[in-house]
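> So here's work_11.csv, just CSV, C-alpha atoms and all ligand atoms:
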```
chain,number,residue,atom,x,y,z
A,12,MET,CA,-12.3,-9.0,18.9
A,13,PRO,CA,-8.5,-8.6,19.0
A,14,GLU,CA,-6.7,-10.9,16.6
A,15,LEU,CA,-3.0,-11.6,16.3
A,16,PRO,CA,-2.0,-8.1,14.9
A,17,GLU,CA,-3.8,-6.3,17.7
A,18,VAL,CA,-2.2,-8.5,20.4
A,19,GLU,CA,1.2,-8.1,18.9
A,20,THR,CA,0.7,-4.3,18.7
A,21,THR,CA,-0.1,-4.4,22.5
A,22,ARG,CA,3.0,-6.6,23.2
A,23,ARG,CA,5.3,-4.1,21.4
A,24,ALA,CA,3.8,-1.1,23.2
A,25,ILE,CA,4.1,-2.5,26.8
A,26,LEU,CA,7.5,-4.2,26.4
A,27,PRO,CA,9.5,-1.1,27.1
A,28,VAL,CA,7.9,-0.5,30.5
A,29,PHE,CA,8.0,-4.1,31.6
A,30,THR,CA,11.1,-5.9,30.5
A,31,GLY,CA,14.0,-5.3,32.9
A,32,ARG,CA,11.8,-3.2,35.1
A,33,ARG,CA,11.1,-3.9,38.8
A,34,ILE,CA,7.5,-4.9,39.3
A,35,ALA,CA,6.9,-3.8,42.9
A,36,SER,CA,3.5,-5.5,43.3
A,37,ILE,CA,0.9,-7.4,41.5
A,38,THR,CA,-2.7,-6.8,42.7
A,39,PRO,CA,-5.6,-8.9,41.5
A,40,LEU,CA,-8.9,-7.0,41.7
A,41,ARG,CA,-11.3,-9.7,40.6
A,42,GLU,CA,-11.7,-13.4,41.1
A,43,ASP,CA,-13.7,-14.8,38.2
A,44,ILE,CA,-11.1,-13.9,35.5
A,45,TRP,CA,-8.5,-16.5,36.4
A,46,ALA,CA,-8.3,-19.7,34.4
A,47,THR,CA,-7.1,-21.8,37.4
A,48,GLY,CA,-7.0,-21.5,41.2
A,49,ARG,CA,-3.4,-20.1,41.2
A,50,ARG,CA,-3.1,-16.4,42.1
A,51,PRO,CA,0.0,-14.2,41.5
A,52,PRO,CA,2.4,-13.8,44.4
A,53,ARG,CA,2.4,-10.2,45.4
A,54,GLY,CA,6.0,-9.5,44.3
A,55,PRO,CA,8.4,-7.9,43.9
A,56,PHE,CA,9.6,-9.2,40.5
A,57,THR,CA,11.7,-8.2,37.6
A,58,GLY,CA,9.9,-8.2,34.3
A,59,GLY,CA,11.4,-10.6,31.8
A,60,GLU,CA,10.3,-11.3,28.2
A,61,ILE,CA,6.8,-10.9,26.9
A,62,VAL,CA,6.1,-13.4,24.2
A,63,ARG,CA,3.0,-14.0,22.1
A,64,ARG,CA,1.4,-17.2,20.9
A,65,GLY,CA,-1.7,-16.6,18.8
A,66,LYS,CA,-3.8,-14.2,20.8
A,67,THR,CA,-2.2,-15.0,24.1
A,68,LEU,CA,0.6,-12.9,25.8
A,69,ILE,CA,3.0,-14.7,28.1
A,70,PHE,CA,4.8,-12.4,30.6
A,71,SER,CA,7.7,-13.9,32.5
A,72,LEU,CA,8.2,-12.7,36.1
A,73,ILE,CA,11.6,-13.2,37.7
A,74,PRO,CA,11.4,-13.3,41.5
A,75,ASP,CA,13.2,-10.4,43.2
A,76,LYS,CA,17.0,-10.2,43.3
A,77,ALA,CA,17.1,-11.3,47.0
A,78,ASP,CA,16.0,-14.7,45.8
A,79,ARG,CA,17.8,-15.3,42.5
A,80,SER,CA,17.6,-19.1,42.7
A,81,SER,CA,13.8,-19.0,42.3
A,82,PRO,CA,12.7,-19.9,38.8
A,83,PRO,CA,10.5,-17.4,36.9
A,84,ILE,CA,6.8,-17.7,36.9
A,85,PHE,CA,4.5,-16.8,34.0
A,86,LEU,CA,1.5,-14.6,33.7
A,87,LEU,CA,-0.6,-15.4,30.7
A,88,SER,CA,-3.4,-13.2,29.3
A,89,ARG,CA,-5.9,-14.2,26.7
A,90,PHE,CA,-7.7,-11.2,25.3
A,91,GLY,CA,-11.2,-12.7,24.6
A,92,MET,CA,-13.6,-10.1,23.2
A,93,SER,CA,-12.6,-7.0,25.0
A,94,GLY,CA,-9.5,-7.7,27.1
A,95,ARG,CA,-6.7,-5.0,27.0
A,96,TRP,CA,-3.5,-3.9,28.7
A,97,ASP,CA,-3.2,-0.2,29.4
A,98,ARG,CA,-0.6,1.8,31.3
A,99,ARG,CA,-1.6,4.7,33.4
A,100,HIS,CA,0.3,7.0,35.7
A,101,GLN,CA,0.8,5.8,39.2
A,102,GLY,CA,-1.7,7.5,41.5
A,103,SER,CA,-4.3,8.1,38.7
A,104,ARG,CA,-7.7,6.5,39.0
A,105,PRO,CA,-8.2,3.0,37.5
A,106,ALA,CA,-10.3,2.6,34.4
A,107,PRO,CA,-13.6,0.8,34.9
A,108,HIS,CA,-13.4,-3.0,34.7
A,109,THR,CA,-9.7,-3.1,35.7
A,110,HIS,CA,-9.1,-6.6,37.0
A,111,LEU,CA,-5.3,-6.7,37.6
A,112,GLU,CA,-2.6,-4.1,38.3
A,113,LEU,CA,1.2,-4.3,38.0
A,114,LEU,CA,3.0,-1.4,39.8
A,115,ILE,CA,6.2,-0.4,38.1
A,116,PRO,CA,7.6,2.5,40.2
A,117,GLU,CA,10.7,3.4,38.2
A,118,GLU,CA,8.4,4.2,35.2
A,119,GLY,CA,5.8,5.8,37.5
A,120,VAL,CA,3.2,3.6,35.8
A,121,ILE,CA,0.7,0.9,36.5
A,122,LEU,CA,0.2,-1.7,33.9
A,123,ALA,CA,-3.5,-2.6,34.1
A,124,TRP,CA,-5.5,-5.4,32.6
A,125,SER,CA,-9.2,-4.5,31.9
A,126,ASP,CA,-11.9,-6.6,30.3
A,127,PRO,CA,-15.5,-5.2,30.4
A,128,ARG,CA,-17.1,-8.3,28.8
A,129,ARG,CA,-14.8,-10.8,30.7
A,130,PHE,CA,-14.5,-13.4,28.0
A,131,GLY,CA,-10.7,-13.0,28.4
A,132,ARG,CA,-8.7,-15.0,30.9
A,133,LEU,CA,-5.6,-14.6,33.0
A,134,GLU,CA,-3.4,-17.4,34.4
A,135,ILE,CA,-0.4,-17.9,36.6
A,136,SER,CA,1.6,-20.9,35.5
A,137,PRO,CA,5.1,-22.3,36.4
A,138,SER,CA,5.7,-22.9,32.7
A,139,PRO,CA,3.9,-22.0,29.5
A,140,ASP,CA,3.9,-25.7,28.6
A,141,GLU,CA,1.8,-26.4,31.7
A,142,SER,CA,-0.7,-23.6,30.9
A,143,ARG,CA,-4.3,-24.4,30.8
A,144,LEU,CA,-5.0,-21.4,28.5
A,145,LEU,CA,-2.5,-22.7,25.9
A,146,ALA,CA,-3.5,-26.4,26.2
A,147,GLY,CA,-4.6,-27.6,22.8
A,148,THR,CA,-3.4,-24.4,21.1
A,149,GLY,CA,-1.7,-24.9,17.7
A,150,PRO,CA,1.5,-23.1,16.5
A,151,ASP,CA,1.4,-19.4,16.1
A,152,ALA,CA,0.1,-18.5,12.6
A,153,LEU,CA,3.2,-16.4,11.8
A,154,SER,CA,5.5,-19.4,12.6
A,155,LEU,CA,4.1,-21.4,9.7
A,156,ASP,CA,5.5,-21.6,6.1
A,157,GLY,CA,3.7,-22.9,3.1
A,158,PRO,CA,4.8,-26.6,3.4
A,159,SER,CA,3.8,-26.8,7.1
A,160,LEU,CA,0.4,-25.2,6.3
A,161,PHE,CA,0.0,-27.7,3.5
A,162,GLU,CA,0.7,-30.6,6.0
A,163,ILE,CA,-1.7,-29.2,8.6
A,164,PHE,CA,-4.6,-28.7,6.1
A,165,ARG,CA,-4.0,-31.8,4.0
A,166,PRO,CA,-6.3,-34.2,6.0
A,167,LEU,CA,-9.1,-31.7,6.5
A,168,ALA,CA,-12.5,-31.6,4.8
A,169,THR,CA,-13.5,-28.5,6.7
A,170,PRO,CA,-13.7,-25.2,4.6
A,171,LEU,CA,-10.8,-22.8,4.6
A,172,ARG,CA,-12.8,-20.2,6.6
A,173,LYS,CA,-13.0,-22.7,9.5
A,174,ALA,CA,-9.6,-24.2,9.2
A,175,LEU,CA,-7.9,-20.8,9.3
A,176,THR,CA,-9.8,-19.6,12.4
A,177,ASN,CA,-9.4,-22.9,14.3
A,178,PRO,CA,-6.8,-22.1,17.1
A,179,ALA,CA,-6.1,-25.8,17.5
A,180,LEU,CA,-4.6,-25.8,14.0
A,181,LEU,CA,-3.0,-22.4,13.9
A,182,ALA,CA,-3.4,-19.7,16.5
A,183,GLY,CA,-4.1,-16.0,16.1
A,184,ILE,CA,-6.5,-15.6,13.1
A,185,GLY,CA,-10.2,-14.6,13.5
A,186,ASN,CA,-12.9,-13.5,11.2
A,187,ILE,CA,-11.4,-10.2,10.0
A,188,TYR,CA,-8.0,-11.5,8.9
A,189,MET,CA,-9.3,-14.8,7.6
A,190,ALA,CA,-11.4,-12.8,5.1
A,191,GLU,CA,-8.5,-10.5,4.2
A,192,ILE,CA,-6.0,-13.4,3.8
A,193,LEU,CA,-8.2,-15.5,1.7
A,194,PHE,CA,-9.0,-12.6,-0.6
A,195,ASP,CA,-5.3,-11.8,-0.9
A,196,ALA,CA,-4.6,-15.4,-1.8
A,197,GLY,CA,-7.5,-15.6,-4.3
A,198,LEU,CA,-8.9,-18.7,-2.4
A,199,SER,CA,-12.6,-19.3,-1.7
A,200,PRO,CA,-13.5,-19.4,2.0
A,201,PHE,CA,-15.7,-22.4,1.1
A,202,ARG,CA,-12.9,-24.6,-0.4
A,203,PRO,CA,-12.1,-27.7,1.7
A,204,ALA,CA,-8.8,-27.0,3.4
A,205,GLY,CA,-7.5,-30.4,2.3
A,206,SER,CA,-8.1,-29.6,-1.4
A,207,LEU,CA,-5.2,-27.1,-1.6
A,208,SER,CA,-2.2,-28.0,-3.7
A,209,LEU,CA,1.2,-27.4,-2.2
A,210,ALA,CA,1.5,-24.3,-4.5
A,211,GLU,CA,-1.8,-22.9,-3.2
A,212,ALA,CA,-0.8,-23.6,0.4
A,213,CYS,CA,2.4,-21.6,-0.3
A,214,ARG,CA,0.4,-18.8,-1.8
A,215,LEU,CA,-1.9,-18.8,1.3
A,216,SER,CA,1.1,-18.7,3.6
A,217,GLN,CA,2.5,-15.7,1.7
A,218,SER,CA,-0.8,-13.9,2.0
A,219,LEU,CA,-1.0,-14.8,5.7
A,220,HIS,CA,2.4,-13.3,6.4
A,221,ARG,CA,1.8,-10.2,4.1
A,222,ILE,CA,-1.6,-9.3,5.6
A,223,LEU,CA,-0.7,-10.0,9.3
A,224,SER,CA,2.6,-8.1,9.0
A,225,SER,CA,1.1,-5.1,7.4
A,226,ALA,CA,-1.7,-5.1,10.0
A,227,ILE,CA,0.9,-5.1,12.7
A,228,ASP,CA,2.8,-2.2,11.0
A,229,SER,CA,-0.5,-0.2,11.0
A,230,GLY,CA,-1.2,-0.9,14.7
A,231,GLY,CA,-4.0,-3.4,14.1
A,232,SER,CA,-7.6,-2.9,13.0
A,233,THR,CA,-10.3,-1.0,15.0
A,234,ILE,CA,-13.7,-2.3,14.2
A,235,HIS,CA,-15.7,-1.9,17.4
A,236,SER,CA,-13.8,-1.4,20.6
A,237,TYR,CA,-10.1,-2.3,20.1
A,238,ARG,CA,-7.7,0.5,20.9
A,239,GLN,CA,-4.0,0.5,20.9
A,240,GLU,CA,-2.3,0.6,24.3
A,241,ASP,CA,-2.1,4.4,24.2
A,242,GLY,CA,-5.8,4.7,23.5
A,243,SER,CA,-5.5,5.5,19.8
A,244,PRO,CA,-7.4,3.4,17.2
A,245,GLY,CA,-5.5,1.0,15.0
A,246,GLY,CA,-5.1,2.0,11.3
A,247,TYR,CA,-5.4,-1.2,9.4
A,248,GLN,CA,-9.2,-1.1,8.9
A,249,LYS,CA,-8.5,1.5,6.2
A,250,PHE,CA,-6.7,-1.1,4.1
A,251,HIS,CA,-9.4,-3.9,4.5
A,252,ALA,CA,-10.0,-5.2,0.9
A,253,VAL,CA,-13.2,-7.2,1.8
A,254,TYR,CA,-14.1,-7.1,5.5
A,255,GLY,CA,-17.0,-4.8,6.1
A,256,ARG,CA,-17.2,-3.8,2.3
A,257,GLU,CA,-20.2,-5.8,1.1
A,258,GLY,CA,-21.7,-4.3,-2.1
A,259,SER,CA,-18.6,-2.2,-2.7
A,260,PRO,CA,-16.6,-2.9,-5.9
A,261,CYS,CA,-13.8,-5.5,-5.6
A,262,ARG,CA,-10.5,-3.7,-5.9
A,263,ARG,CA,-9.3,-6.4,-8.3
A,264,CYS,CA,-12.3,-7.1,-10.6
A,265,GLY,CA,-14.8,-4.3,-9.8
A,266,LEU,CA,-17.7,-6.7,-9.1
A,267,PRO,CA,-19.7,-6.0,-5.9
A,268,LEU,CA,-18.2,-7.9,-2.9
A,269,GLN,CA,-20.4,-10.6,-1.2
A,270,ARG,CA,-21.4,-11.0,2.4
A,271,THR,CA,-23.1,-14.1,3.7
A,272,THR,CA,-23.8,-15.1,7.3
A,273,VAL,CA,-22.4,-18.5,8.2
A,274,GLU,CA,-22.8,-19.8,11.8
A,275,ALA,CA,-23.8,-16.4,13.0
A,276,ARG,CA,-20.7,-14.7,11.6
A,277,SER,CA,-20.4,-12.4,8.6
A,278,LEU,CA,-18.2,-13.8,5.8
A,279,TYR,CA,-16.9,-11.4,3.1
A,280,TYR,CA,-15.4,-12.4,-0.2
A,281,CYS,CA,-15.3,-11.8,-4.0
A,282,ALA,CA,-17.2,-14.5,-5.9
A,283,LEU,CA,-15.1,-13.9,-9.0
A,284,CYS,CA,-11.6,-13.5,-7.5
A,285,GLN,CA,-12.0,-16.3,-5.0
A,286,PRO,CA,-13.5,-19.1,-7.2
A,287,LEU,CA,-14.8,-22.2,-5.4
A,288,ALA,CA,-13.4,-24.7,-8.0
A,289,ALA,CA,-9.7,-25.3,-8.0
A,290,PRO,CA,-8.2,-24.0,-11.3
A,301,ZN,ZN,-13.0,-9.6,-7.4
```
Would it be possible to restate this file's structure as structure tokens?
Ligand SMILES: [Zn+2]

Amino acid sequence: MPELPEVETTRRAILPVFTGRRIASITPLREDIWATGRRPPRGPFTGGEIVRRGKTLIFSLIPDKADRSSPPIFLLSRFGMSGRWDRRHQGSRPAPHTHLELLIPEEGVILAWSDPRRFGRLEISPSPDESRLLAGTGPDALSLDGPSLFEIFRPLATPLRKALTNPALLAGIGNIYMAEILFDAGLSPFRPAGSLSLAEACRLSQSLHRILSSAIDSGGSTIHSYRQEDGSPGGYQKFHAVYGREGSPCRRCGLPLQRTTVEARSLYYCALCQPLAAP
């Protein structure tokens, strides 16, 4: 499942063919992938910014020059399990499971949204603040520093593994990066989030920024199906310290790494380097 680094990698890849380009037409190809009853106007538009919040991309579409007074509208895409944006040459055949196409003639490309498993969602909204997809979504994980993470976690009895992956608290982190961040910070996934000291929350924040930033620099992680926008796999899985490495020696202490299944999800950690008790 794409997490923050994979979505950010996609954003950076498609930005050059979208922002400032004329979007000649927007063509929805499927009905049941929309979060609300709104459908995109056909166009044309000029592509504005693409911003990311957690695992959601927000495209701004500026109505055509003939009608400059019209405000932009926003296309939001939440990736779900298998959603992805690809660009393909204008005139080439669409990939299977393509659900939306943006035609960008000056680049000779079509920007296409596909999602075989259809857990992802698209939405047209007059403003990101009014978006149903973003309703109840917390701040982007990369926008938080140690003291703000401390304040968010302080009232919580839930374990760190759940708090870090709860998009209502902070958006963008799933099972893979939760495991990597907690290992990097030397914190047990079973520690109650509210038990962190301010110093520990700052350490967690530093690990969060370090792990997510280096994953973005590597083009994200490819575990099952994720591919970068150009079809190549991400490279960060080579650097995973714990995820998918149960039984292998911990890179810090040499003991075999643990895997347990909690709520139908695999959880990876080092029992020695991530002690349950606060020091
Ligand atoms: Zn260890």
> Go through the chains and note each residue within 6 Å of ligand ZN 301 (chain A), using all atoms listed in the file, then give the set as a list in words.
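I would give the residues around ligand ZN 301 (chain A) as Cys261, Arg263, Cys264, Leu266, Cys281, Leu283 and Cys284 of chain A.
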> Pick from A:Gly258, A:Pro203, A:Pro150, A:Gly197: nearest to Ala179 in chain A, with only C-alpha atoms counted?
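For Ala179 in chain A, the nearest of the candidates is A:Pro150.
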> From the set A:Ala204, A:Leu87, A:Ile37, A:Val253, which residue has the shortest atom-to-atom contact distance to Gly54 in chain A, counting all atoms listed in the file?
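Of all the options, A:Ile37 lies closest to Gly54 in chain A.
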> Work out how far apart CA of Pro51 in chain A and CA of Pro74 in chain A are and give it in Å to one decimal.
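A separation of 11.4 Å between them.
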> For CA of Ser218 in chain A and CA of Ile192 in chain A, quote the distance in Å rounded to one decimal.
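Result for CA of Ser218 in chain A versus CA of Ile192 in chain A: 5.5 Å, one decimal.
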> Would you mind telling me which residue in A:Pro260, A:Pro39, A:Gly157, A:Gly255 lies nearest to Asn186 in chain A when using all atoms listed in the file?
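Residue with the minimum atom-to-atom distance to Asn186 in chain A: A:Gly255.
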> For CA of Glu112 in chain A and CA of Ser80 in chain A, determine how far apart the two atoms are, in Å to one decimal place.
25.5 Å
> Counting all atoms listed in the file, what is within 9 Å of range 187-190 of chain A, bar same-chain residues fewer than 2 positions away, as an mmCIF file with C-alpha atoms, in the coordinates of the input?

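Result went into around_29.cif, see below:
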```cif
data_model
loop_
_atom_site.group_PDB
_atom_site.id
_atom_site.type_symbol
_atom_site.label_atom_id
_atom_site.label_comp_id
_atom_site.auth_asym_id
_atom_site.auth_seq_id
_atom_site.Cartn_x
_atom_site.Cartn_y
_atom_site.Cartn_z
ATOM 1 C CA GLU A 14 -6.700 -10.900 16.600
ATOM 2 C CA LEU A 15 -3.000 -11.600 16.300
ATOM 3 C CA LEU A 171 -10.800 -22.800 4.600
ATOM 4 C CA ARG A 172 -12.800 -20.200 6.600
ATOM 5 C CA LYS A 173 -13.000 -22.700 9.500
ATOM 6 C CA LEU A 175 -7.900 -20.800 9.300
ATOM 7 C CA THR A 176 -9.800 -19.600 12.400
ATOM 8 C CA ILE A 184 -6.500 -15.600 13.100
ATOM 9 C CA GLY A 185 -10.200 -14.600 13.500
ATOM 10 C CA ILE A 192 -6.000 -13.400 3.800
ATOM 11 C CA LEU A 193 -8.200 -15.500 1.700
ATOM 12 C CA PHE A 194 -9.000 -12.600 -0.600
ATOM 13 C CA ASP A 195 -5.300 -11.800 -0.900
ATOM 14 C CA PRO A 200 -13.500 -19.400 2.000
ATOM 15 C CA LEU A 219 -1.000 -14.800 5.700
ATOM 16 C CA ILE A 222 -1.600 -9.300 5.600
ATOM 17 C CA LEU A 223 -0.700 -10.000 9.300
ATOM 18 C CA SER A 232 -7.600 -2.900 13.000
ATOM 19 C CA HIS A 251 -9.400 -3.900 4.500
ATOM 20 C CA ALA A 252 -10.000 -5.200 0.900
ATOM 21 C CA VAL A 253 -13.200 -7.200 1.800
ATOM 22 C CA TYR A 254 -14.100 -7.100 5.500
ATOM 23 C CA GLY A 255 -17.000 -4.800 6.100
ATOM 24 C CA LEU A 278 -18.200 -13.800 5.800
ATOM 25 C CA TYR A 279 -16.900 -11.400 3.100
ATOM 26 C CA TYR A 280 -15.400 -12.400 -0.200
#
```
> Do you know which residues lie at most 12 Å from (-10.8, -2.2, 26.5), with coordinates as in the file and only C-alpha atoms counted, and could you write them as number ranges by chain?
A: 12-13, 17, 21, 90-98, 106-110, 123-131, 233, 235-244
> Just the selected residues (C-alpha atoms), exported as a tab-separated table (two decimals), keeping the file's coordinate frame, please.

```tsv
chain	number	residue	atom	x	y	z
A	12	MET	CA	-12.30	-9.00	18.90
A	13	PRO	CA	-8.50	-8.60	19.00
A	17	GLU	CA	-3.80	-6.30	17.70
A	21	THR	CA	-0.10	-4.40	22.50
A	90	PHE	CA	-7.70	-11.20	25.30
A	91	GLY	CA	-11.20	-12.70	24.60
A	92	MET	CA	-13.60	-10.10	23.20
A	93	SER	CA	-12.60	-7.00	25.00
A	94	GLY	CA	-9.50	-7.70	27.10
A	95	ARG	CA	-6.70	-5.00	27.00
A	96	TRP	CA	-3.50	-3.90	28.70
A	97	ASP	CA	-3.20	-0.20	29.40
A	98	ARG	CA	-0.60	1.80	31.30
A	106	ALA	CA	-10.30	2.60	34.40
A	107	PRO	CA	-13.60	0.80	34.90
A	108	HIS	CA	-13.40	-3.00	34.70
A	109	THR	CA	-9.70	-3.10	35.70
A	110	HIS	CA	-9.10	-6.60	37.00
A	123	ALA	CA	-3.50	-2.60	34.10
A	124	TRP	CA	-5.50	-5.40	32.60
A	125	SER	CA	-9.20	-4.50	31.90
A	126	ASP	CA	-11.90	-6.60	30.30
A	127	PRO	CA	-15.50	-5.20	30.40
A	128	ARG	CA	-17.10	-8.30	28.80
A	129	ARG	CA	-14.80	-10.80	30.70
A	130	PHE	CA	-14.50	-13.40	28.00
A	131	GLY	CA	-10.70	-13.00	28.40
A	233	THR	CA	-10.30	-1.00	15.00
A	235	HIS	CA	-15.70	-1.90	17.40
A	236	SER	CA	-13.80	-1.40	20.60
A	237	TYR	CA	-10.10	-2.30	20.10
A	238	ARG	CA	-7.70	0.50	20.90
A	239	GLN	CA	-4.00	0.50	20.90
A	240	GLU	CA	-2.30	0.60	24.30
A	241	ASP	CA	-2.10	4.40	24.20
A	242	GLY	CA	-5.80	4.70	23.50
A	243	SER	CA	-5.50	5.50	19.80
A	244	PRO	CA	-7.40	3.40	17.20
```
> Find the residues near Ala288 in chain A: any atom within 10 Å, counting all atoms listed in the file, skip ones fewer than 6 places away on the same chain, and give them as a PyMOL selection string.
chain A and resi 198-199+201-202+206
> Is there a way to get, as a list in words, all residues within 7 Å of the point (-3.8, -12.3, 26.8) in file coordinates, counting all atoms listed in the file?
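Within the cut-off we find Lys66, Thr67, Leu68, Leu87, Ser88, Arg89, Phe90, Arg132 and Leu133 of chain A.
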> Using all atoms listed in the file, which of A:Phe70, A:Phe164, A:Phe56, A:Phe29 sits nearest Gly119 in chain A?
A:Phe29
> Restricting the calculation to only C-alpha atoms: of A:Gly246, A:Gly230, A:Pro16, A:Pro137, which residue gets closest to Arg49 in chain A?
A:Pro137
> Hey, which of A:Ser208, A:Gln248, A:Thr47, A:Ser142 ends up closest to Ala226 in chain A? Count only C-alpha atoms.
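Nearest candidate to Ala226 in chain A out of A:Ser208, A:Gln248, A:Thr47, A:Ser142: A:Gln248.
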